[in-house]
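Novice: What follows is the file work_20.csv, containing CSV, C-alpha atoms and all ligand atoms:
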chain,number,residue,atom,x,y,z
X,211,MET,CA,0.3,-23.3,10.1
X,212,ARG,CA,1.1,-19.9,8.6
X,213,LYS,CA,4.4,-18.4,9.5
X,214,PRO,CA,4.0,-14.9,10.9
X,215,ILE,CA,5.3,-12.1,8.6
X,216,ILE,CA,6.3,-8.7,10.0
X,217,PHE,CA,7.6,-6.0,7.6
X,218,GLY,CA,8.5,-2.4,8.3
X,219,ASN,CA,7.8,0.1,5.6
X,220,TRP,CA,10.3,3.0,5.8
X,221,LYS,CA,8.4,5.0,3.1
X,222,MET,CA,10.5,8.0,2.0
X,223,ASN,CA,12.9,7.9,4.9
X,224,LYS,CA,16.6,7.0,5.4
X,225,THR,CA,19.8,7.7,3.6
X,226,ASN,CA,22.3,4.9,2.9
X,227,ALA,CA,24.2,5.8,6.0
X,228,GLU,CA,21.1,5.6,8.1
X,229,ALA,CA,20.0,2.3,6.4
X,230,LYS,CA,23.4,0.7,7.2
X,231,ALA,CA,23.2,1.8,10.8
X,232,PHE,CA,19.7,0.3,11.1
X,233,PHE,CA,20.8,-3.1,9.7
X,234,GLU,CA,23.9,-3.1,11.9
X,235,GLY,CA,21.5,-2.5,14.9
X,236,VAL,CA,18.7,-4.9,14.0
X,237,ASP,CA,19.9,-7.8,11.7
X,238,ALA,CA,21.6,-9.9,14.3
X,239,HIS,CA,18.5,-9.6,16.6
X,240,VAL,CA,16.2,-11.2,14.0
X,241,THR,CA,14.7,-14.5,15.1
X,242,ASP,CA,13.1,-17.4,13.1
X,243,LYS,CA,9.7,-16.8,14.8
X,244,ALA,CA,8.6,-14.9,11.7
X,245,ASP,CA,9.7,-13.6,8.4
X,246,PHE,CA,11.0,-10.2,9.3
X,247,GLY,CA,11.8,-7.6,6.7
X,248,VAL,CA,11.8,-3.9,5.8
X,249,ALA,CA,10.5,-2.1,2.6
X,250,VAL,CA,13.1,0.5,1.8
X,251,PRO,CA,13.6,3.4,-0.7
X,252,PHE,CA,15.1,2.3,-4.0
X,253,THR,CA,18.4,4.2,-3.3
X,254,THR,CA,19.1,2.1,-0.2
X,255,LEU,CA,18.2,-1.3,-1.6
X,256,GLY,CA,21.8,-2.3,-2.4
X,257,THR,CA,23.1,-1.2,1.0
X,258,CYS,CA,20.3,-3.1,2.8
X,259,VAL,CA,20.9,-6.3,0.8
X,260,ASP,CA,24.6,-6.0,1.5
X,261,ASN,CA,24.1,-5.6,5.2
X,262,SER,CA,21.5,-8.2,5.7
X,263,THR,CA,21.9,-11.8,6.8
X,264,LYS,CA,18.4,-12.4,8.2
X,265,LEU,CA,16.3,-9.4,7.7
X,266,HIS,CA,14.4,-9.5,4.4
X,267,VAL,CA,14.6,-6.5,2.0
X,268,ALA,CA,11.6,-5.3,0.0
X,269,ALA,CA,11.2,-2.6,-2.6
X,270,GLN,CA,8.2,-0.3,-2.1
X,271,ASN,CA,7.0,-0.3,-5.7
X,272,MET,CA,8.1,-1.4,-9.2
X,273,HIS,CA,6.8,-1.0,-12.8
X,274,PHE,CA,5.2,-3.9,-14.7
X,275,GLU,CA,7.2,-3.3,-17.9
X,276,ALA,CA,10.6,-4.9,-18.2
X,277,ASN,CA,12.2,-1.8,-19.6
X,278,GLY,CA,11.5,1.2,-21.8
X,279,ALA,CA,10.5,4.9,-21.8
X,280,TYR,CA,9.1,5.1,-18.3
X,281,THR,CA,11.2,7.9,-16.7
X,282,GLY,CA,11.6,7.4,-12.9
X,283,GLU,CA,10.5,3.8,-12.8
X,284,ILE,CA,12.2,0.6,-11.8
X,285,SER,CA,11.7,-2.9,-13.2
X,286,ALA,CA,11.5,-6.3,-11.6
X,287,GLY,CA,14.7,-7.3,-13.4
X,288,MET,CA,16.5,-4.4,-11.8
X,289,LEU,CA,15.3,-5.5,-8.4
X,290,ASN,CA,16.3,-9.1,-9.1
X,291,GLU,CA,19.8,-8.0,-10.0
X,292,LEU,CA,20.2,-6.4,-6.6
X,293,GLY,CA,19.0,-9.6,-4.9
X,294,VAL,CA,15.6,-8.1,-3.8
X,295,LYS,CA,13.0,-10.9,-3.4
X,296,TRP,CA,10.1,-8.9,-2.0
X,297,VAL,CA,8.0,-6.0,-3.2
X,298,VAL,CA,5.2,-4.0,-1.7
X,299,LEU,CA,2.5,-3.2,-4.3
X,300,GLY,CA,-0.4,-0.9,-4.2
X,301,HIS,CA,0.3,0.8,-0.9
X,302,SER,CA,-2.5,3.4,-0.2
X,303,GLU,CA,0.0,6.2,-0.6
X,304,ARG,CA,0.7,4.9,-4.1
X,305,ARG,CA,-3.0,4.7,-4.8
X,306,GLN,CA,-3.7,8.1,-3.3
X,307,TYR,CA,-0.8,10.3,-4.6
X,308,PHE,CA,0.2,8.4,-7.7
X,309,ASN,CA,-3.1,7.2,-9.0
X,310,GLU,CA,-2.3,3.5,-8.9
X,311,THR,CA,-5.3,1.3,-9.7
X,312,ASP,CA,-6.1,-2.3,-8.9
X,313,LYS,CA,-5.4,-3.1,-12.6
X,314,ASP,CA,-1.9,-1.6,-12.3
X,315,ILE,CA,-1.3,-3.6,-9.1
X,316,ASN,CA,-2.6,-6.7,-10.7
X,317,LYS,CA,-0.1,-6.4,-13.6
X,318,LYS,CA,2.7,-5.6,-11.2
X,319,ALA,CA,1.9,-8.7,-9.0
X,320,ALA,CA,1.9,-11.0,-12.0
X,321,VAL,CA,5.3,-9.6,-13.2
X,322,ALA,CA,6.8,-9.8,-9.7
X,323,ILE,CA,5.8,-13.5,-9.5
X,324,GLU,CA,7.2,-14.2,-12.9
X,325,ASN,CA,10.4,-12.8,-11.7
X,326,GLY,CA,10.5,-15.0,-8.6
X,327,MET,CA,9.6,-12.2,-6.2
X,328,ILE,CA,7.0,-12.3,-3.4
X,329,PRO,CA,4.5,-9.4,-3.7
X,330,ILE,CA,2.9,-7.8,-0.6
X,331,VAL,CA,-0.3,-6.5,-2.0
X,332,CYS,CA,-1.9,-3.7,-0.1
X,333,VAL,CA,-5.7,-3.1,0.3
X,334,GLY,CA,-7.8,-0.9,2.5
X,335,GLU,CA,-10.6,1.6,2.7
X,336,THR,CA,-10.5,5.3,3.1
X,337,LEU,CA,-12.1,7.1,6.1
X,338,TYR,CA,-15.0,8.2,3.9
X,339,GLU,CA,-15.6,4.6,2.8
X,340,PHE,CA,-15.2,3.3,6.4
X,341,GLU,CA,-17.8,5.9,7.7
X,342,ALA,CA,-20.2,5.1,4.8
X,343,ASP,CA,-20.0,1.4,5.8
X,344,LYS,CA,-18.4,0.4,2.5
X,345,THR,CA,-15.3,-1.4,3.9
X,346,GLU,CA,-16.5,-4.8,2.9
X,347,SER,CA,-17.4,-4.0,-0.7
X,348,VAL,CA,-14.3,-1.8,-1.2
X,349,VAL,CA,-11.8,-4.4,0.2
X,350,ARG,CA,-13.4,-7.4,-1.6
X,351,LYS,CA,-13.2,-5.5,-4.9
X,352,GLN,CA,-9.5,-4.5,-4.3
X,353,VAL,CA,-8.6,-8.1,-3.5
X,354,SER,CA,-10.4,-9.5,-6.5
X,355,GLY,CA,-9.0,-6.8,-8.8
X,356,CYS,CA,-5.4,-7.1,-7.6
X,357,LEU,CA,-5.3,-10.9,-7.7
X,358,SER,CA,-7.3,-11.4,-10.9
X,359,GLY,CA,-5.9,-14.1,-13.2
X,360,LEU,CA,-3.1,-15.1,-10.9
X,361,ASN,CA,-2.2,-18.8,-10.6
X,362,ALA,CA,-3.6,-20.3,-7.4
X,363,ASP,CA,-0.3,-21.7,-6.2
X,364,ASP,CA,1.3,-18.3,-6.6
X,365,VAL,CA,-1.5,-16.7,-4.6
X,366,LYS,CA,-0.7,-19.2,-1.7
X,367,ASN,CA,2.8,-17.7,-1.5
X,368,LEU,CA,2.0,-14.0,-1.7
X,369,VAL,CA,1.1,-11.7,1.2
X,370,ILE,CA,-1.9,-9.3,1.4
X,371,ALA,CA,-1.7,-6.3,3.7
X,372,TYR,CA,-4.9,-4.8,5.0
X,373,GLU,CA,-4.3,-1.2,5.9
X,374,PRO,CA,-7.3,1.0,6.6
X,375,VAL,CA,-6.2,4.4,5.2
X,376,TRP,CA,-7.6,6.2,8.2
X,377,ALA,CA,-5.3,4.3,10.6
X,378,ILE,CA,-2.1,5.0,8.7
X,379,GLY,CA,0.3,7.4,10.4
X,380,THR,CA,-2.6,8.8,12.4
X,381,GLY,CA,-1.9,7.0,15.7
X,382,LYS,CA,-5.5,5.8,15.3
X,383,SER,CA,-5.2,2.1,15.0
X,384,ALA,CA,-8.2,0.0,14.0
X,385,THR,CA,-9.6,-1.9,16.9
X,386,VAL,CA,-8.5,-5.5,17.0
X,387,GLU,CA,-12.0,-6.5,16.2
X,388,ILE,CA,-12.2,-4.4,13.0
X,389,ALA,CA,-8.7,-5.6,11.9
X,390,GLN,CA,-9.6,-9.2,12.5
X,391,ASN,CA,-13.0,-8.9,10.8
X,392,THR,CA,-11.6,-7.2,7.7
X,393,CYS,CA,-8.7,-9.7,7.5
X,394,ALA,CA,-11.2,-12.5,7.7
X,395,LEU,CA,-13.2,-11.1,4.8
X,396,VAL,CA,-10.0,-10.7,2.8
X,397,ARG,CA,-9.4,-14.4,3.4
X,398,ASP,CA,-13.0,-15.1,2.5
X,399,GLU,CA,-12.6,-13.3,-0.8
X,400,VAL,CA,-9.5,-15.3,-1.6
X,401,ARG,CA,-11.5,-18.4,-0.8
X,402,ASN,CA,-14.2,-17.4,-3.2
X,403,LEU,CA,-11.6,-16.7,-5.9
X,404,PHE,CA,-9.1,-19.5,-5.4
X,405,GLY,CA,-10.6,-22.1,-3.0
X,406,ASN,CA,-10.1,-23.1,0.5
X,407,ASP,CA,-6.5,-24.4,0.3
X,408,VAL,CA,-5.3,-21.1,-1.1
X,409,ALA,CA,-7.3,-19.1,1.5
X,410,GLU,CA,-5.8,-21.1,4.4
X,411,ALA,CA,-2.3,-20.7,3.1
X,412,VAL,CA,-2.2,-17.0,2.1
X,413,ARG,CA,-0.7,-14.7,4.7
X,414,ILE,CA,-2.6,-11.5,5.7
X,415,GLN,CA,-1.1,-8.6,7.5
X,416,TYR,CA,-2.7,-5.7,9.4
X,417,GLY,CA,-1.1,-2.3,9.0
X,418,GLY,CA,-1.9,1.1,10.6
X,419,SER,CA,-0.3,2.5,13.7
X,420,VAL,CA,1.1,-0.9,14.8
X,421,LYS,CA,3.5,-0.4,17.7
X,422,PRO,CA,5.5,-2.6,20.1
X,423,ASN,CA,2.8,-2.2,22.7
X,424,ASN,CA,-0.2,-3.3,20.5
X,425,ILE,CA,1.3,-5.9,18.1
X,426,GLU,CA,0.7,-8.9,20.3
X,427,GLU,CA,-3.0,-8.2,20.4
X,428,TYR,CA,-3.3,-8.0,16.7
X,429,MET,CA,-1.2,-11.1,16.2
X,430,SER,CA,-3.4,-13.1,18.6
X,431,GLN,CA,-6.3,-12.9,16.1
X,432,ALA,CA,-7.1,-15.9,13.9
X,433,ASP,CA,-6.9,-14.2,10.5
X,434,ILE,CA,-4.0,-11.8,11.2
X,435,ASP,CA,-0.7,-13.4,10.3
X,436,GLY,CA,1.5,-10.4,10.5
X,437,ALA,CA,1.9,-6.6,10.4
X,438,LEU,CA,3.1,-3.9,8.0
X,439,ILE,CA,4.6,-1.2,10.2
X,440,GLY,CA,5.4,2.4,9.2
X,441,GLY,CA,6.5,4.8,12.0
X,442,ALA,CA,7.6,2.1,14.5
X,443,SER,CA,9.9,0.5,11.9
X,444,LEU,CA,12.2,3.5,11.6
X,445,GLU,CA,14.1,3.2,14.9
X,446,VAL,CA,16.4,0.3,15.8
X,447,ASP,CA,15.0,0.0,19.4
X,448,SER,CA,11.3,-0.1,18.4
X,449,PHE,CA,11.9,-2.6,15.6
X,450,LYS,CA,13.8,-4.8,18.1
X,451,GLU,CA,10.9,-4.5,20.5
X,452,ILE,CA,8.6,-5.6,17.7
X,453,ILE,CA,10.9,-8.6,17.0
X,454,ASP,CA,10.8,-9.5,20.7
X,455,ALA,CA,7.0,-9.4,20.8
X,456,ILE,CA,6.8,-12.3,18.3
X,457,LYS,CA,7.3,-15.4,20.4
E,501,LIG,P1,2.1,3.6,10.4
E,501,LIG,O1,2.5,2.3,11.1
E,501,LIG,O2,3.1,4.7,10.5
E,501,LIG,O3,0.7,3.9,10.7
E,501,LIG,O4,2.1,3.2,8.8
E,501,LIG,C1,1.4,2.1,8.3
E,501,LIG,C2,1.8,1.8,6.9
E,501,LIG,O5,1.4,2.6,6.0
E,501,LIG,C3,2.7,0.7,6.6
E,501,LIG,O6,2.7,0.5,5.3
Written as structure tokens, how would this file's structure read?
Specialist:
Amino acid sequence: MRKPIIFGNWKMNKTNAEAKAFFEGVDAHVTDKADFGVAVPFTTLGTCVDNSTKLHVAAQNMHFEANGAYTGEISAGMLNELGVKWVVLGHSERRQYFNETDKDINKKAAVAIENGMIPIVCVGETLYEFEADKTESVVRKQVSGCLSGLNADDVKNLVIAYEPVWAIGTGKSATVEIAQNTCALVRDEVRNLFGNDVAEAVRIQYGGSVKPNNIEEYMSQADIDGALIGGASLEVDSFKEIIDAIK
């Protein structure tokens, strides 16, 4: 039985004061029905870790090198020092605006695992690809590219987030059927690459306009084990409603 996994993604939002207020409002409300967490800006990681007892804290990116001349980047060791155990990798906004490739994400995932962290690896097709009926080929290629060469036992423990780019921040969520079908093919690709045990263990999230009023429908699907939530993770009340929806 896969434990549900629900993470917020604050993207480039919240100061330290706002992050502290969020944790003061939400942390005590967290249940053991799922792994609940938030991916927060680098500047607020320390505050979030210090104010958390139950809510997991994730970084939104990291570099694959341990140190060196990479201005503006952060390493896995730096995240480790802060007590950060989770990292979102390859979010579509990183791919789209910062040219991240499957190869980069693959290197980052390997380094995150080496450093004892759990990567949340993001995949998903653009609107153009969706309309051209390319979802399956694009998503299978992203999964195989991002997970290439990883150890099967490590893949069991990581998380894959399927986020169709056309459903992010648009209020246009994928139908439950589309989300389920694509999460099923993500699992099938993991099965092809690493075998059935790994495919049955790996947790797959859907992301894209998930809200308190639609999360239960997504979570009822066989291959959807959780959600990665942008807008609705920013407010204390809506995040608490999301926690309450996971029974
Ligand atoms: P929204 O929930 O705002 O559509 O964002 C989804 C997302 O990109 C989470 O990583």
Novice: Quick one: residues within 7 Å of ligand LIG 501 (chain E), with all atoms listed in the file, as a list of chain:residue names?
Specialist: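 Using all atoms listed in the file, I find these residues within 7 Å of ligand LIG 501 (chain E): X:Gly218, X:Asn219, X:His301, X:Glu373, X:Ala377, X:Ile378, X:Gly379, X:Thr380, X:Gly381, X:Gly417, X:Gly418, X:Ser419, X:Val420, X:Leu438, X:Ile439, X:Gly440, X:Gly441, X:Ala442.
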Novice: Would you pick out the contacts of Met222 (chain X) at 10 Å or less, using all atoms listed in the file, so that residues sharing its chain but fewer than 6 positions from it are not included, and give the list as a ChimeraX atom specification?
Specialist: /X:250-252,270
Novice: Only C-alpha atoms, please: the residues just picked out, written as a PDB file, in the frame of the given file.
Specialist:
ATOM      1  CA  VAL X 250      13.100   0.500   1.800  1.00  0.00           C
ATOM      2  CA  PRO X 251      13.600   3.400  -0.700  1.00  0.00           C
ATOM      3  CA  PHE X 252      15.100   2.300  -4.000  1.00  0.00           C
ATOM      4  CA  GLN X 270       8.200  -0.300  -2.100  1.00  0.00           C
TER       5      GLN X 270
END
Novice: Go through X:Thr336, X:Thr263, X:Thr392, X:Thr254 one by one, measure the shortest atom-to-atom distance of each to Leu289 (chain X) using all atoms listed in the file, and give the residue with the smallest value.
Specialist: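 Under the stated criterion, the closest residue is X:Thr254.
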Novice: Just to confirm, what's the straight-line distance from CA of Ala394 (chain X) to CA of Glu426 (chain X) in Å (one decimal)?
Specialist: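 Atom-to-atom, CA of Ala394 (chain X) to CA of Glu426 (chain X), that is 17.7 Å.
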Novice: Here is a test: counting all atoms listed in the file, which residue of X:Val353, X:Met327, X:Ala384, X:Lys264 is nearest to Asn367 (chain X)?
Specialist: X:Met327
Novice: Mind pulling up the distance from CA of Leu337 (chain X) to CA of Gln306 (chain X)?
Specialist: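 If I compute the distance from CA of Gln306 (chain X) to CA of Leu337 (chain X), I get 12.6 Å.
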Novice: With distances taken over only C-alpha atoms, which residue among X:Gly235, X:Asn309, X:Ala319, X:Ala268 lies nearest Trp296 (chain X)?
Specialist: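 Smallest distance to Trp296 (chain X) is found for X:Ala268.
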Novice: Between CA of Glu310 (chain X) and CA of Cys258 (chain X), what is the distance in Å, rounded to a tenth?
Specialist: 26.3 Å
Novice: Which residues are near Glu291 (chain X)? Cut-off 12 Å, only C-alpha atoms, ignore same chain within fewer than 5 positions. Put them as a PDB file with C-alpha atoms, in the frame of the given file.
Specialist:
ATOM      1  CA  LEU X 255      18.200  -1.300  -1.600  1.00  0.00           C
ATOM      2  CA  GLY X 256      21.800  -2.300  -2.400  1.00  0.00           C
ATOM      3  CA  VAL X 259      20.900  -6.300   0.800  1.00  0.00           C
ATOM      4  CA  ILE X 284      12.200   0.600 -11.800  1.00  0.00           C
ATOM      5  CA  SER X 285      11.700  -2.900 -13.200  1.00  0.00           C
ATOM      6  CA  ALA X 286      11.500  -6.300 -11.600  1.00  0.00           C
ATOM      7  CA  ASN X 325      10.400 -12.800 -11.700  1.00  0.00           C
ATOM      8  CA  GLY X 326      10.500 -15.000  -8.600  1.00  0.00           C
ATOM      9  CA  MET X 327       9.600 -12.200  -6.200  1.00  0.00           C
TER      10      MET X 327
END
Novice: Point out the residue among X:Val294, X:Cys393, X:Ala227, X:Ala437 with the least atom-to-atom distance to Ile456 (chain X), counting only C-alpha atoms.
Specialist: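 Counting only C-alpha atoms, the residue closest to Ile456 (chain X) is X:Ala437.
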Novice: Using all atoms listed in the file, which protein or nucleic acid residues come within 12 Å of region 401-409 of chain X? Drop anything in the same chain fewer than 4 positions from it, and give the result as a VMD selection string.
Specialist: chain X and resid 211 to 212 350 to 351 353 to 370 393 to 397 413 to 414 433
Novice: Given only C-alpha atoms as the basis, pick out the residue of X:Asn316, X:Thr241, X:Thr253, X:Asn223 nearest to Asp454 (chain X).
Specialist: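 The closest residue to Asp454 (chain X) is X:Thr241.
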Novice: Find, counting all atoms listed in the file, the residue in X:Phe308, X:Phe340, X:Phe217, X:Phe449 that gets nearest to Asp435 (chain X).
Specialist: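 Among X:Phe308, X:Phe340, X:Phe217, X:Phe449, it is X:Phe217 that comes nearest to Asp435 (chain X).
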Novice: Show which residues sit within 12 Å of Ala455 (chain X), as a PDB file with C-alpha atoms, in the coordinates of the input. Count all atoms listed in the file, and ignore same-chain residues fewer than 6 positions away.
Specialist:
ATOM      1  CA  PRO X 214       4.000 -14.900  10.900  1.00  0.00           C
ATOM      2  CA  ILE X 216       6.300  -8.700  10.000  1.00  0.00           C
ATOM      3  CA  VAL X 240      16.200 -11.200  14.000  1.00  0.00           C
ATOM      4  CA  THR X 241      14.700 -14.500  15.100  1.00  0.00           C
ATOM      5  CA  LYS X 243       9.700 -16.800  14.800  1.00  0.00           C
ATOM      6  CA  ALA X 244       8.600 -14.900  11.700  1.00  0.00           C
ATOM      7  CA  VAL X 420       1.100  -0.900  14.800  1.00  0.00           C
ATOM      8  CA  LYS X 421       3.500  -0.400  17.700  1.00  0.00           C
ATOM      9  CA  PRO X 422       5.500  -2.600  20.100  1.00  0.00           C
ATOM     10  CA  ASN X 423       2.800  -2.200  22.700  1.00  0.00           C
ATOM     11  CA  ASN X 424      -0.200  -3.300  20.500  1.00  0.00           C
ATOM     12  CA  ILE X 425       1.300  -5.900  18.100  1.00  0.00           C
ATOM     13  CA  GLU X 426       0.700  -8.900  20.300  1.00  0.00           C
ATOM     14  CA  GLU X 427      -3.000  -8.200  20.400  1.00  0.00           C
ATOM     15  CA  TYR X 428      -3.300  -8.000  16.700  1.00  0.00           C
ATOM     16  CA  MET X 429      -1.200 -11.100  16.200  1.00  0.00           C
ATOM     17  CA  SER X 430      -3.400 -13.100  18.600  1.00  0.00           C
ATOM     18  CA  GLY X 436       1.500 -10.400  10.500  1.00  0.00           C
ATOM     19  CA  ALA X 437       1.900  -6.600  10.400  1.00  0.00           C
ATOM     20  CA  SER X 448      11.300  -0.100  18.400  1.00  0.00           C
ATOM     21  CA  PHE X 449      11.900  -2.600  15.600  1.00  0.00           C
TER      22      PHE X 449
END
Novice: Give the padded box for region 255-267 of chain X as JSON: axis-aligned, covering all atoms listed in the file, 8 Å on each side, centre and edge lengths in Å to one decimal.
Specialist:
{"center_x": 19.5, "center_y": -6.8, "center_z": 2.9, "size_x": 26.2, "size_y": 27.2, "size_z": 26.6}
Novice: Since the input lacks some atoms of region 425-434 of chain X, please model all heavy atoms and print them as a compact mmCIF listing (two decimals), in the frame of the given file.
Specialist:
# COMPACT_ATOMS: atom_id res chain seq x y z
N ILE X 425 1.20 -4.82 19.09
CA ILE X 425 1.30 -5.90 18.10
C ILE X 425 0.87 -7.23 18.53
O ILE X 425 0.25 -7.98 17.77
CB ILE X 425 2.79 -5.92 17.48
CG1 ILE X 425 2.80 -6.80 16.23
CG2 ILE X 425 3.81 -6.36 18.50
CD1 ILE X 425 4.04 -6.69 15.38
N GLU X 426 1.10 -7.53 19.80
CA GLU X 426 0.70 -8.90 20.30
C GLU X 426 -0.78 -9.10 20.20
O GLU X 426 -1.24 -10.20 19.88
CB GLU X 426 1.21 -9.09 21.72
CG GLU X 426 2.68 -9.42 21.76
CD GLU X 426 3.21 -9.55 23.18
OE1 GLU X 426 3.61 -8.52 23.74
OE2 GLU X 426 3.20 -10.68 23.70
N GLU X 427 -1.53 -8.04 20.50
CA GLU X 427 -3.00 -8.20 20.40
C GLU X 427 -3.46 -8.47 19.01
O GLU X 427 -4.33 -9.32 18.81
CB GLU X 427 -3.58 -6.81 20.84
CG GLU X 427 -4.47 -6.87 22.05
CD GLU X 427 -5.10 -5.52 22.29
OE1 GLU X 427 -4.36 -4.50 22.28
OE2 GLU X 427 -6.34 -5.49 22.45
N TYR X 428 -2.89 -7.75 18.05
CA TYR X 428 -3.30 -8.00 16.70
C TYR X 428 -2.88 -9.45 16.26
O TYR X 428 -3.65 -10.18 15.64
CB TYR X 428 -2.60 -7.03 15.69
CG TYR X 428 -3.19 -5.64 15.79
CD1 TYR X 428 -2.46 -4.58 16.30
CD2 TYR X 428 -4.50 -5.40 15.37
CE1 TYR X 428 -3.00 -3.31 16.40
CE2 TYR X 428 -5.05 -4.13 15.46
CZ TYR X 428 -4.30 -3.09 15.97
OH TYR X 428 -4.85 -1.84 16.07
N MET X 429 -1.66 -9.83 16.65
CA MET X 429 -1.20 -11.10 16.20
C MET X 429 -1.92 -12.30 16.87
O MET X 429 -1.81 -13.43 16.40
CB MET X 429 0.34 -11.26 16.56
CG MET X 429 1.23 -10.33 15.75
SD MET X 429 1.10 -10.60 13.98
CE MET X 429 1.84 -12.21 13.82
N SER X 430 -2.68 -12.03 17.92
CA SER X 430 -3.40 -13.10 18.60
C SER X 430 -4.71 -13.47 17.81
O SER X 430 -5.40 -14.41 18.15
CB SER X 430 -3.79 -12.69 20.01
OG SER X 430 -4.76 -11.66 19.96
N GLN X 431 -5.01 -12.69 16.78
CA GLN X 431 -6.30 -12.90 16.10
C GLN X 431 -6.11 -13.98 14.96
O GLN X 431 -5.06 -14.07 14.30
CB GLN X 431 -6.71 -11.59 15.40
CG GLN X 431 -6.94 -10.47 16.39
CD GLN X 431 -8.03 -10.83 17.39
OE1 GLN X 431 -9.15 -11.12 17.03
NE2 GLN X 431 -7.68 -10.83 18.68
N ALA X 432 -7.18 -14.73 14.76
CA ALA X 432 -7.10 -15.90 13.90
C ALA X 432 -6.70 -15.59 12.44
O ALA X 432 -5.98 -16.37 11.82
CB ALA X 432 -8.49 -16.59 13.87
N ASP X 433 -7.16 -14.46 11.91
CA ASP X 433 -6.90 -14.20 10.50
C ASP X 433 -5.78 -13.16 10.28
O ASP X 433 -5.53 -12.77 9.14
CB ASP X 433 -8.18 -13.75 9.80
CG ASP X 433 -9.11 -14.94 9.64
OD1 ASP X 433 -8.78 -15.85 8.86
OD2 ASP X 433 -10.12 -15.01 10.37
N ILE X 434 -5.13 -12.72 11.36
CA ILE X 434 -4.00 -11.80 11.20
C ILE X 434 -2.72 -12.53 11.39
O ILE X 434 -2.42 -13.05 12.45
CB ILE X 434 -4.15 -10.62 12.26
CG1 ILE X 434 -5.48 -9.89 12.08
CG2 ILE X 434 -2.96 -9.66 12.12
CD1 ILE X 434 -5.70 -8.75 13.07
